[in-house]
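Trainee: Have a peek at data.cif (mmCIF, N, CA and C atoms).
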data_query
loop_
_atom_site.label_atom_id
_atom_site.label_comp_id
_atom_site.auth_asym_id
_atom_site.auth_seq_id
_atom_site.Cartn_x
_atom_site.Cartn_y
_atom_site.Cartn_z
N MET A 1 178.60 57.40 -1.15
CA MET A 1 179.31 57.32 -2.42
C MET A 1 178.47 56.49 -3.38
N ASP A 2 178.36 56.95 -4.60
CA ASP A 2 177.69 56.18 -5.64
C ASP A 2 178.74 55.53 -6.50
N PHE A 3 178.59 54.25 -6.72
CA PHE A 3 179.51 53.53 -7.57
C PHE A 3 179.09 53.73 -9.02
N VAL A 4 180.05 54.18 -9.85
CA VAL A 4 179.77 54.51 -11.25
C VAL A 4 180.48 53.50 -12.14
N LYS A 5 179.75 53.02 -13.14
CA LYS A 5 180.30 52.05 -14.08
C LYS A 5 181.55 52.60 -14.75
N GLY A 6 182.61 51.80 -14.78
CA GLY A 6 183.85 52.19 -15.44
C GLY A 6 184.88 52.82 -14.52
N ASN A 7 184.50 53.22 -13.33
CA ASN A 7 185.46 53.83 -12.40
C ASN A 7 186.18 52.77 -11.58
N MET A 8 187.38 53.14 -11.12
CA MET A 8 188.16 52.25 -10.27
C MET A 8 187.98 52.67 -8.81
N TYR A 9 187.92 51.67 -7.94
CA TYR A 9 187.76 51.91 -6.51
C TYR A 9 188.79 51.09 -5.75
N MET A 10 189.38 51.73 -4.74
CA MET A 10 190.41 51.08 -3.95
C MET A 10 189.82 50.70 -2.59
N LEU A 11 190.10 49.50 -2.17
CA LEU A 11 189.67 49.03 -0.86
C LEU A 11 190.51 49.74 0.20
N ARG A 12 189.85 50.24 1.24
CA ARG A 12 190.59 50.99 2.26
C ARG A 12 189.95 50.83 3.63
N GLY A 13 190.74 51.03 4.66
CA GLY A 13 190.24 51.09 6.03
C GLY A 13 190.02 49.77 6.71
N LEU A 14 190.28 48.65 6.04
CA LEU A 14 190.04 47.36 6.68
C LEU A 14 191.14 47.02 7.69
N LYS A 15 192.32 47.55 7.50
CA LYS A 15 193.41 47.24 8.42
C LYS A 15 193.15 47.80 9.82
N ASN A 16 192.23 48.77 9.91
CA ASN A 16 191.90 49.35 11.22
C ASN A 16 191.03 48.43 12.05
N ASN A 17 190.37 47.46 11.41
CA ASN A 17 189.52 46.52 12.15
C ASN A 17 190.38 45.47 12.83
N LYS A 18 190.00 45.08 14.02
CA LYS A 18 190.78 44.07 14.74
C LYS A 18 190.53 42.67 14.19
N ARG A 19 189.27 42.38 13.86
CA ARG A 19 188.96 41.02 13.43
C ARG A 19 188.67 40.92 11.94
N PHE A 20 187.70 41.65 11.46
CA PHE A 20 187.29 41.54 10.07
C PHE A 20 188.10 42.51 9.22
N ASN A 21 189.30 42.06 8.82
CA ASN A 21 190.23 42.96 8.14
C ASN A 21 190.56 42.54 6.71
N LYS A 22 189.75 41.69 6.12
CA LYS A 22 189.91 41.27 4.73
C LYS A 22 188.55 41.26 4.06
N MET A 23 188.56 41.30 2.74
CA MET A 23 187.34 41.10 1.97
C MET A 23 187.54 39.82 1.18
N ILE A 24 186.52 38.98 1.16
CA ILE A 24 186.63 37.68 0.54
C ILE A 24 185.62 37.55 -0.60
N ASN A 25 186.02 36.88 -1.65
CA ASN A 25 185.13 36.59 -2.78
C ASN A 25 184.54 35.21 -2.54
N TRP A 26 183.30 35.19 -2.07
CA TRP A 26 182.64 33.93 -1.75
C TRP A 26 181.69 33.59 -2.89
N ASP A 27 182.18 32.81 -3.85
CA ASP A 27 181.38 32.34 -4.99
C ASP A 27 180.67 33.49 -5.71
N GLY A 28 181.38 34.57 -5.97
CA GLY A 28 180.82 35.67 -6.73
C GLY A 28 180.20 36.78 -5.89
N ASP A 29 180.25 36.69 -4.58
CA ASP A 29 179.76 37.73 -3.68
C ASP A 29 180.91 38.21 -2.79
N LEU A 30 181.02 39.53 -2.62
CA LEU A 30 182.07 40.08 -1.76
C LEU A 30 181.54 40.22 -0.34
N TRP A 31 182.31 39.70 0.62
CA TRP A 31 181.96 39.76 2.04
C TRP A 31 183.19 40.13 2.84
N ILE A 32 182.96 40.74 4.00
CA ILE A 32 184.05 41.02 4.92
C ILE A 32 184.38 39.73 5.67
N SER A 33 185.66 39.49 5.89
CA SER A 33 186.06 38.22 6.47
C SER A 33 187.18 38.40 7.49
N ASP A 34 187.35 37.39 8.31
CA ASP A 34 188.42 37.31 9.27
C ASP A 34 189.66 36.78 8.56
N SER A 35 190.77 37.45 8.66
CA SER A 35 191.97 37.02 7.94
C SER A 35 192.55 35.72 8.50
N ARG A 36 192.19 35.38 9.72
CA ARG A 36 192.71 34.15 10.32
C ARG A 36 191.72 33.01 10.25
N GLY A 37 190.58 33.23 9.61
CA GLY A 37 189.54 32.20 9.54
C GLY A 37 189.85 31.13 8.53
N GLN A 38 189.10 30.05 8.59
CA GLN A 38 189.33 28.92 7.69
C GLN A 38 188.97 29.24 6.24
N TYR A 39 188.04 30.16 6.04
CA TYR A 39 187.61 30.47 4.69
C TYR A 39 188.59 31.38 3.96
N SER A 40 189.40 32.11 4.70
CA SER A 40 190.31 33.06 4.06
C SER A 40 191.42 32.36 3.29
N THR A 41 191.69 31.11 3.58
CA THR A 41 192.72 30.39 2.84
C THR A 41 192.16 29.68 1.62
N ALA A 42 190.86 29.40 1.61
CA ALA A 42 190.26 28.66 0.51
C ALA A 42 189.71 29.56 -0.59
N LYS A 43 189.42 30.80 -0.28
CA LYS A 43 188.81 31.73 -1.24
C LYS A 43 189.73 32.92 -1.46
N PRO A 44 189.58 33.62 -2.60
CA PRO A 44 190.40 34.81 -2.84
C PRO A 44 190.11 35.91 -1.82
N CYS A 45 191.17 36.47 -1.22
CA CYS A 45 191.02 37.54 -0.23
C CYS A 45 191.65 38.82 -0.77
N TYR A 46 191.08 39.93 -0.35
CA TYR A 46 191.58 41.24 -0.75
C TYR A 46 191.80 42.08 0.49
N SER A 47 192.79 42.95 0.42
CA SER A 47 193.09 43.81 1.57
C SER A 47 193.21 45.25 1.09
N ASP A 48 193.57 46.13 2.00
CA ASP A 48 193.67 47.56 1.68
C ASP A 48 194.62 47.79 0.51
N GLY A 49 194.21 48.66 -0.40
CA GLY A 49 195.04 49.01 -1.54
C GLY A 49 194.69 48.24 -2.81
N ASP A 50 193.89 47.18 -2.71
CA ASP A 50 193.50 46.43 -3.90
C ASP A 50 192.50 47.25 -4.71
N ILE A 51 192.63 47.19 -6.02
CA ILE A 51 191.81 48.00 -6.93
C ILE A 51 190.71 47.14 -7.56
N PHE A 52 189.49 47.66 -7.51
CA PHE A 52 188.33 47.02 -8.12
C PHE A 52 187.79 47.96 -9.21
N ILE A 53 187.28 47.39 -10.30
CA ILE A 53 186.67 48.18 -11.36
C ILE A 53 185.18 47.91 -11.36
N CYS A 54 184.39 48.96 -11.29
CA CYS A 54 182.94 48.82 -11.28
C CYS A 54 182.46 48.54 -12.70
N ILE A 55 181.82 47.40 -12.91
CA ILE A 55 181.33 47.06 -14.24
C ILE A 55 179.81 47.21 -14.34
N GLU A 56 179.15 47.34 -13.21
CA GLU A 56 177.71 47.58 -13.22
C GLU A 56 177.33 48.33 -11.96
N GLY A 57 176.95 49.58 -12.11
CA GLY A 57 176.54 50.39 -10.97
C GLY A 57 175.12 50.07 -10.56
N SER A 58 174.69 50.61 -9.45
CA SER A 58 173.32 50.38 -9.00
C SER A 58 172.42 51.48 -9.54
N ARG A 59 171.18 51.12 -9.75
CA ARG A 59 170.25 52.11 -10.30
C ARG A 59 169.89 53.12 -9.22
N GLU A 60 169.60 54.33 -9.66
CA GLU A 60 169.24 55.39 -8.73
C GLU A 60 167.79 55.23 -8.28
N PHE A 61 167.47 55.83 -7.15
CA PHE A 61 166.12 55.76 -6.60
C PHE A 61 165.22 56.72 -7.36
N ASP A 62 164.13 56.19 -7.91
CA ASP A 62 163.14 57.00 -8.62
C ASP A 62 161.90 57.12 -7.73
N LYS A 63 161.67 58.29 -7.19
CA LYS A 63 160.61 58.52 -6.21
C LYS A 63 159.22 58.22 -6.78
N ALA A 64 158.93 58.70 -7.97
CA ALA A 64 157.60 58.52 -8.56
C ALA A 64 157.32 57.05 -8.87
N LEU A 65 158.31 56.38 -9.46
CA LEU A 65 158.14 54.97 -9.79
C LEU A 65 157.98 54.13 -8.53
N ALA A 66 158.78 54.43 -7.52
CA ALA A 66 158.71 53.69 -6.26
C ALA A 66 157.35 53.85 -5.60
N TYR A 67 156.84 55.07 -5.60
CA TYR A 67 155.52 55.28 -4.98
C TYR A 67 154.45 54.52 -5.74
N ALA A 68 154.54 54.53 -7.07
CA ALA A 68 153.54 53.82 -7.87
C ALA A 68 153.57 52.32 -7.58
N GLU A 69 154.78 51.76 -7.46
CA GLU A 69 154.90 50.33 -7.16
C GLU A 69 154.32 50.00 -5.79
N TYR A 70 154.66 50.79 -4.78
CA TYR A 70 154.17 50.51 -3.44
C TYR A 70 152.67 50.79 -3.31
N ALA A 71 152.16 51.79 -4.02
CA ALA A 71 150.72 52.07 -3.97
C ALA A 71 149.94 50.90 -4.59
N GLU A 72 150.48 50.35 -5.68
CA GLU A 72 149.84 49.21 -6.32
C GLU A 72 149.88 47.99 -5.40
N LYS A 73 151.02 47.77 -4.77
CA LYS A 73 151.17 46.63 -3.85
C LYS A 73 150.21 46.78 -2.65
N ASP A 74 150.12 47.99 -2.11
CA ASP A 74 149.22 48.24 -0.98
C ASP A 74 147.77 48.03 -1.39
N ALA A 75 147.42 48.42 -2.61
CA ALA A 75 146.04 48.25 -3.08
C ALA A 75 145.69 46.77 -3.19
N ARG A 76 146.64 45.96 -3.65
CA ARG A 76 146.40 44.51 -3.73
C ARG A 76 146.20 43.91 -2.35
N GLU A 77 146.93 44.43 -1.37
CA GLU A 77 146.84 43.89 -0.01
C GLU A 77 145.75 44.55 0.81
N GLY A 78 145.06 45.52 0.24
CA GLY A 78 143.96 46.17 0.95
C GLY A 78 144.40 47.22 1.95
N ILE A 79 145.61 47.76 1.78
CA ILE A 79 146.13 48.78 2.69
C ILE A 79 145.90 50.15 2.06
N ASP A 80 145.42 51.09 2.85
CA ASP A 80 145.18 52.45 2.36
C ASP A 80 146.53 53.14 2.17
N SER A 81 146.82 53.57 0.96
CA SER A 81 148.13 54.17 0.66
C SER A 81 148.02 55.66 0.38
N ARG A 82 147.16 56.35 1.09
CA ARG A 82 147.02 57.79 0.87
C ARG A 82 148.20 58.56 1.45
N ASP A 83 148.90 57.96 2.40
CA ASP A 83 150.06 58.63 2.99
C ASP A 83 151.26 58.43 2.07
N THR A 84 151.48 59.36 1.18
CA THR A 84 152.53 59.20 0.17
C THR A 84 153.93 59.21 0.78
N ASP A 85 154.13 60.01 1.80
CA ASP A 85 155.46 60.08 2.42
C ASP A 85 155.87 58.73 3.00
N TYR A 86 154.93 58.05 3.64
CA TYR A 86 155.23 56.75 4.24
C TYR A 86 155.55 55.72 3.15
N ALA A 87 154.79 55.73 2.06
CA ALA A 87 155.03 54.78 0.97
C ALA A 87 156.39 55.03 0.33
N VAL A 88 156.73 56.29 0.13
CA VAL A 88 158.02 56.62 -0.48
C VAL A 88 159.16 56.26 0.48
N GLU A 89 158.97 56.49 1.76
CA GLU A 89 159.99 56.14 2.75
C GLU A 89 160.24 54.64 2.77
N ARG A 90 159.18 53.85 2.72
CA ARG A 90 159.32 52.39 2.68
C ARG A 90 160.03 51.95 1.41
N ALA A 91 159.66 52.57 0.29
CA ALA A 91 160.29 52.22 -0.98
C ALA A 91 161.77 52.58 -0.98
N HIS A 92 162.11 53.73 -0.42
CA HIS A 92 163.52 54.14 -0.37
C HIS A 92 164.33 53.22 0.52
N SER A 93 163.77 52.81 1.64
CA SER A 93 164.44 51.88 2.54
C SER A 93 164.68 50.53 1.86
N ALA A 94 163.68 50.03 1.16
CA ALA A 94 163.83 48.76 0.44
C ALA A 94 164.86 48.89 -0.67
N HIS A 95 164.88 50.02 -1.35
CA HIS A 95 165.85 50.26 -2.41
C HIS A 95 167.28 50.24 -1.86
N ASN A 96 167.49 50.90 -0.72
CA ASN A 96 168.82 50.94 -0.13
C ASN A 96 169.30 49.57 0.31
N ARG A 97 168.42 48.75 0.82
CA ARG A 97 168.81 47.41 1.26
C ARG A 97 169.14 46.50 0.08
N ALA A 98 168.50 46.73 -1.06
CA ALA A 98 168.64 45.81 -2.19
C ALA A 98 169.67 46.26 -3.23
N ARG A 99 170.24 47.45 -3.10
CA ARG A 99 171.20 47.94 -4.11
C ARG A 99 172.43 47.05 -4.18
N MET A 100 172.78 46.67 -5.40
CA MET A 100 173.94 45.83 -5.63
C MET A 100 174.82 46.47 -6.71
N VAL A 101 176.11 46.24 -6.62
CA VAL A 101 177.05 46.64 -7.67
C VAL A 101 177.88 45.42 -8.04
N ARG A 102 178.44 45.45 -9.24
CA ARG A 102 179.30 44.35 -9.68
C ARG A 102 180.68 44.92 -9.98
N PHE A 103 181.69 44.19 -9.55
CA PHE A 103 183.08 44.60 -9.71
C PHE A 103 183.87 43.56 -10.47
N LEU A 104 184.88 44.04 -11.17
CA LEU A 104 185.94 43.18 -11.66
C LEU A 104 186.99 43.21 -10.57
N THR A 105 187.27 42.08 -9.97
CA THR A 105 188.17 42.02 -8.81
C THR A 105 189.62 42.00 -9.26
N PRO A 106 190.56 42.21 -8.35
CA PRO A 106 191.98 42.21 -8.72
C PRO A 106 192.47 40.89 -9.32
N ASP A 107 191.82 39.78 -9.00
CA ASP A 107 192.25 38.50 -9.57
C ASP A 107 191.54 38.16 -10.88
N GLY A 108 190.71 39.08 -11.39
CA GLY A 108 190.10 38.91 -12.70
C GLY A 108 188.73 38.27 -12.72
N THR A 109 188.13 38.04 -11.57
CA THR A 109 186.79 37.47 -11.53
C THR A 109 185.77 38.59 -11.33
N ILE A 110 184.50 38.28 -11.58
CA ILE A 110 183.42 39.24 -11.39
C ILE A 110 182.70 38.88 -10.11
N ALA A 111 182.48 39.88 -9.26
CA ALA A 111 181.81 39.65 -7.98
C ALA A 111 180.80 40.76 -7.71
N SER A 112 179.73 40.43 -7.02
CA SER A 112 178.69 41.39 -6.65
C SER A 112 178.84 41.74 -5.18
N MET A 113 178.32 42.92 -4.83
CA MET A 113 178.39 43.37 -3.44
C MET A 113 177.20 44.26 -3.15
N ARG A 114 176.64 44.12 -1.96
CA ARG A 114 175.59 45.03 -1.51
C ARG A 114 176.22 46.37 -1.18
N VAL A 115 175.56 47.45 -1.58
CA VAL A 115 176.09 48.78 -1.33
C VAL A 115 175.91 49.16 0.14
N LYS A 116 174.77 48.79 0.73
CA LYS A 116 174.49 49.17 2.11
C LYS A 116 175.53 48.56 3.05
N GLY A 117 176.19 49.40 3.80
CA GLY A 117 177.19 48.95 4.75
C GLY A 117 178.59 48.85 4.19
N ASN A 118 178.75 49.02 2.90
CA ASN A 118 180.06 48.86 2.28
C ASN A 118 180.57 50.10 1.56
N LYS A 119 179.82 51.19 1.57
CA LYS A 119 180.22 52.40 0.84
C LYS A 119 181.53 52.98 1.38
N THR A 120 181.73 52.92 2.68
CA THR A 120 182.91 53.55 3.26
C THR A 120 184.15 52.67 3.15
N LYS A 121 184.02 51.47 2.67
CA LYS A 121 185.16 50.57 2.54
C LYS A 121 185.94 50.80 1.24
N PHE A 122 185.42 51.68 0.39
CA PHE A 122 186.05 51.93 -0.90
C PHE A 122 186.31 53.41 -1.08
N LYS A 123 187.36 53.70 -1.84
CA LYS A 123 187.71 55.07 -2.19
C LYS A 123 187.88 55.11 -3.71
N LYS A 124 187.30 56.12 -4.34
CA LYS A 124 187.43 56.27 -5.78
C LYS A 124 188.87 56.62 -6.13
N VAL A 125 189.40 55.93 -7.12
CA VAL A 125 190.78 56.17 -7.55
C VAL A 125 190.79 57.30 -8.57
N THR A 126 191.59 58.32 -8.30
CA THR A 126 191.79 59.44 -9.21
C THR A 126 193.28 59.59 -9.46
N ASN A 127 193.65 60.59 -10.23
CA ASN A 127 195.08 60.80 -10.50
C ASN A 127 195.78 61.36 -9.26
N ARG A 128 195.02 61.78 -8.25
CA ARG A 128 195.62 62.30 -7.02
C ARG A 128 195.63 61.28 -5.88
N THR A 129 195.14 60.08 -6.13
CA THR A 129 195.06 59.06 -5.08
C THR A 129 196.45 58.60 -4.69
N ARG A 130 196.66 58.59 -3.39
CA ARG A 130 197.95 58.13 -2.86
C ARG A 130 197.73 56.96 -1.93
N VAL A 131 198.66 56.05 -1.93
CA VAL A 131 198.62 54.90 -1.04
C VAL A 131 199.71 55.09 -0.01
N LYS A 132 199.33 55.02 1.25
CA LYS A 132 200.32 55.21 2.33
C LYS A 132 201.07 53.95 2.61
#
Would you put the structure from the file into structure tokens?

Mentor:
Amino acid sequence: MDFVKGNMYMLRGLKNNKRFNKMINWDGDLWISDSRGQYSTAKPCYSDGDIFICIEGSREFDKALAYAEYAEKDAREGIDSRDTDYAVERAHSAHNRARMVRFLTPDGTIASMRVKGNKTKFKKVTNRTRVK
């Protein structure tokens, strides 16, 4: 799922986890948390059904630009970068690990979150979205 600026996303599926069943706003970063932990009482927690608004989406992967950046970096380090597929693969992997989005949280604060590992925790809200 790609997070798009201006769209609403609903937190979902955390209740199925035995331990990490809340999302916590830790000083402007969203993390999965234990609902019975000591930090869940001190920081704002969110659970299934809470609505977040995306205020800054992540940039898309640009294959040509990424290859140029990695080829330049490899040239500085003395690495032969003739294998374009390998350079693009490394660039794409680095891009996926570093992608961040920013949300307006249900309590009115702004928080950032890494996209990798968190895409399935949200569902885009449409006029057909139902909450069970």

Trainee: What does the structure give for the distance between CA of Asn25 (chain A) and CA of Arg130 (chain A), in Å to one decimal?

Mentor: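 CA of Arg130 (chain A) lies 25.1 Å from CA of Asn25 (chain A).
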
Trainee: Would you mind telling me which residue in A:Tyr70, A:Trp26, A:Phe20, A:Tyr86 lies nearest to Ala111 (chain A) when using all atoms listed in the file?

Mentor: A:Trp26

Trainee: Going by the chain IDs and residue numbers used in this file, which residues fall under the PyMOL selection byres (((chain A and resi 4 and name CA) around 12) and name CA)? Write them as a list of chain:residue names.

Mentor: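 That expression, the PyMOL selection byres (((chain A and resi 4 and name CA) around 12) and name CA), corresponds here to A:Met1, A:Asp2, A:Phe3, A:Lys5, A:Gly6, A:Asn7, A:Met8, A:Tyr9, A:Phe52, A:Ile53, A:Cys54, A:Ile55, A:Glu56, A:Gly57, A:Ser58, A:Arg59, A:Glu60, A:Met100, A:Val101, A:Arg102, A:Phe103, A:Lys124, A:Val125.
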
Trainee: Specify as a list in words each residue included when the PyMOL selection byres ((chain A and resi 29-42) around 6) is applied to this file.

Mentor: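 Selection result, ordered by chain and number: Arg19, Phe20, Asn21, Lys22, Met23, Ile24, Asn25, Trp26, Asp27, Gly28, Lys43, Pro44, Ala111, Ser112 and Met113 of chain A.
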
Trainee: When DSSP is applied to the backbone of this structure, which of chain A are assigned helix (DSSP H, G or I)? Write them out as a PyMOL selection string.

Mentor: chain A and resi 14-16+39-42+63-77+84-98+119-121

Trainee: Report as JSON, numbers by chain: the residues of chain A with a DSSP assignment of strand (DSSP E), based on the backbone of this structure.

Mentor: {"A": [8, 9, 10, 11, 22, 23, 24, 25, 26, 29, 30, 31, 32, 33, 45, 46, 51, 52, 53, 54, 55, 56, 100, 101, 102, 103, 104, 110, 111, 112, 113, 114, 122, 123, 124]}

Trainee: Suppose we keep N, CA and C atoms; can you now write the selection as a short mmCIF file (atom, residue, chain, number, x, y, z; two decimals), keeping the file's coordinate frame?

Mentor:
data_model
loop_
_atom_site.label_atom_id
_atom_site.label_comp_id
_atom_site.auth_asym_id
_atom_site.auth_seq_id
_atom_site.Cartn_x
_atom_site.Cartn_y
_atom_site.Cartn_z
N MET A 8 187.38 53.14 -11.12
CA MET A 8 188.16 52.25 -10.27
C MET A 8 187.98 52.67 -8.81
N TYR A 9 187.92 51.67 -7.94
CA TYR A 9 187.76 51.91 -6.51
C TYR A 9 188.79 51.09 -5.75
N MET A 10 189.38 51.73 -4.74
CA MET A 10 190.41 51.08 -3.95
C MET A 10 189.82 50.70 -2.59
N LEU A 11 190.10 49.50 -2.17
CA LEU A 11 189.67 49.03 -0.86
C LEU A 11 190.51 49.74 0.20
N LYS A 22 189.75 41.69 6.12
CA LYS A 22 189.91 41.27 4.73
C LYS A 22 188.55 41.26 4.06
N MET A 23 188.56 41.30 2.74
CA MET A 23 187.34 41.10 1.97
C MET A 23 187.54 39.82 1.18
N ILE A 24 186.52 38.98 1.16
CA ILE A 24 186.63 37.68 0.54
C ILE A 24 185.62 37.55 -0.60
N ASN A 25 186.02 36.88 -1.65
CA ASN A 25 185.13 36.59 -2.78
C ASN A 25 184.54 35.21 -2.54
N TRP A 26 183.30 35.19 -2.07
CA TRP A 26 182.64 33.93 -1.75
C TRP A 26 181.69 33.59 -2.89
N ASP A 29 180.25 36.69 -4.58
CA ASP A 29 179.76 37.73 -3.68
C ASP A 29 180.91 38.21 -2.79
N LEU A 30 181.02 39.53 -2.62
CA LEU A 30 182.07 40.08 -1.76
C LEU A 30 181.54 40.22 -0.34
N TRP A 31 182.31 39.70 0.62
CA TRP A 31 181.96 39.76 2.04
C TRP A 31 183.19 40.13 2.84
N ILE A 32 182.96 40.74 4.00
CA ILE A 32 184.05 41.02 4.92
C ILE A 32 184.38 39.73 5.67
N SER A 33 185.66 39.49 5.89
CA SER A 33 186.06 38.22 6.47
C SER A 33 187.18 38.40 7.49
N CYS A 45 191.17 36.47 -1.22
CA CYS A 45 191.02 37.54 -0.23
C CYS A 45 191.65 38.82 -0.77
N TYR A 46 191.08 39.93 -0.35
CA TYR A 46 191.58 41.24 -0.75
C TYR A 46 191.80 42.08 0.49
N ILE A 51 192.63 47.19 -6.02
CA ILE A 51 191.81 48.00 -6.93
C ILE A 51 190.71 47.14 -7.56
N PHE A 52 189.49 47.66 -7.51
CA PHE A 52 188.33 47.02 -8.12
C PHE A 52 187.79 47.96 -9.21
N ILE A 53 187.28 47.39 -10.30
CA ILE A 53 186.67 48.18 -11.36
C ILE A 53 185.18 47.91 -11.36
N CYS A 54 184.39 48.96 -11.29
CA CYS A 54 182.94 48.82 -11.28
C CYS A 54 182.46 48.54 -12.70
N ILE A 55 181.82 47.40 -12.91
CA ILE A 55 181.33 47.06 -14.24
C ILE A 55 179.81 47.21 -14.34
N GLU A 56 179.15 47.34 -13.21
CA GLU A 56 177.71 47.58 -13.22
C GLU A 56 177.33 48.33 -11.96
N MET A 100 172.78 46.67 -5.40
CA MET A 100 173.94 45.83 -5.63
C MET A 100 174.82 46.47 -6.71
N VAL A 101 176.11 46.24 -6.62
CA VAL A 101 177.05 46.64 -7.67
C VAL A 101 177.88 45.42 -8.04
N ARG A 102 178.44 45.45 -9.24
CA ARG A 102 179.30 44.35 -9.68
C ARG A 102 180.68 44.92 -9.98
N PHE A 103 181.69 44.19 -9.55
CA PHE A 103 183.08 44.60 -9.71
C PHE A 103 183.87 43.56 -10.47
N LEU A 104 184.88 44.04 -11.17
CA LEU A 104 185.94 43.18 -11.66
C LEU A 104 186.99 43.21 -10.57
N ILE A 110 184.50 38.28 -11.58
CA ILE A 110 183.42 39.24 -11.39
C ILE A 110 182.70 38.88 -10.11
N ALA A 111 182.48 39.88 -9.26
CA ALA A 111 181.81 39.65 -7.98
C ALA A 111 180.80 40.76 -7.71
N SER A 112 179.73 40.43 -7.02
CA SER A 112 178.69 41.39 -6.65
C SER A 112 178.84 41.74 -5.18
N MET A 113 178.32 42.92 -4.83
CA MET A 113 178.39 43.37 -3.44
C MET A 113 177.20 44.26 -3.15
N ARG A 114 176.64 44.12 -1.96
CA ARG A 114 175.59 45.03 -1.51
C ARG A 114 176.22 46.37 -1.18
N PHE A 122 185.42 51.68 0.39
CA PHE A 122 186.05 51.93 -0.90
C PHE A 122 186.31 53.41 -1.08
N LYS A 123 187.36 53.70 -1.84
CA LYS A 123 187.71 55.07 -2.19
C LYS A 123 187.88 55.11 -3.71
N LYS A 124 187.30 56.12 -4.34
CA LYS A 124 187.43 56.27 -5.78
C LYS A 124 188.87 56.62 -6.13
#

Trainee: Which residue gives the smallest distance to Ala71 (chain A) among A:Gly49, A:Thr126, A:Ala87, A:Arg99, with all atoms listed in the file counted?

Mentor: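 With all atoms listed in the file as the atom set, the closest residue is A:Ala87.
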
Trainee: Which residues come within 6.5 Å of Arg97 (chain A), counting only N, CA and C atoms, excluding same-chain residues fewer than 4 positions away, as a PDB file with N, CA and C atoms, in the frame of the given file?

Mentor:
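Listing of selection.pdb after writing:
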ATOM      1  N   HIS A  92     162.110  53.730  -0.420  1.00  0.00           N
ATOM      2  CA  HIS A  92     163.520  54.140  -0.370  1.00  0.00           C
ATOM      3  C   HIS A  92     164.330  53.220   0.520  1.00  0.00           C
ATOM      4  N   SER A  93     163.770  52.810   1.640  1.00  0.00           N
ATOM      5  CA  SER A  93     164.440  51.880   2.540  1.00  0.00           C
ATOM      6  C   SER A  93     164.680  50.530   1.860  1.00  0.00           C
ATOM      7  N   LYS A 116     174.770  48.790   0.730  1.00  0.00           N
ATOM      8  CA  LYS A 116     174.490  49.170   2.110  1.00  0.00           C
ATOM      9  C   LYS A 116     175.530  48.560   3.050  1.00  0.00           C
TER      10      LYS A 116
END

Trainee: So, counting all atoms listed in the file, which residue among A:Ala91, A:Asp62, A:Glu69, A:Phe122 is closest to Gly13 (chain A)?

Mentor: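 Checking each candidate against Gly13 (chain A), we get A:Phe122 as the closest.
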
Trainee: As an exercise, work out the distance from CA of Arg114 (chain A) to CA of Asn127 (chain A) in Å and give it to one decimal place.

Mentor: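 Here the two named atoms are 26.6 Å from each other.
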
Trainee: A:Arg12, A:Val115, A:Glu77, A:Gly108: which is nearest Asn96 (chain A), counting all atoms listed in the file?

Mentor: A:Val115

Trainee: Provide an axis-aligned box for all listed atoms of region 99-109 of chain A, padding each side by 4 Å; report its centre and its edge lengths in Å to one decimal, as JSON.

Mentor:
{"center_x": 181.4, "center_y": 42.7, "center_z": -7.9, "size_x": 30.2, "size_y": 18.5, "size_z": 17.6}

Trainee: Take atom N of Ile51 (chain A) and CA of Asn17 (chain A) and report the distance between them in Å, one decimal.

Mentor: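 Answer for the atom N of Ile51 (chain A) to CA of Asn17 (chain A) separation: 18.4 Å.
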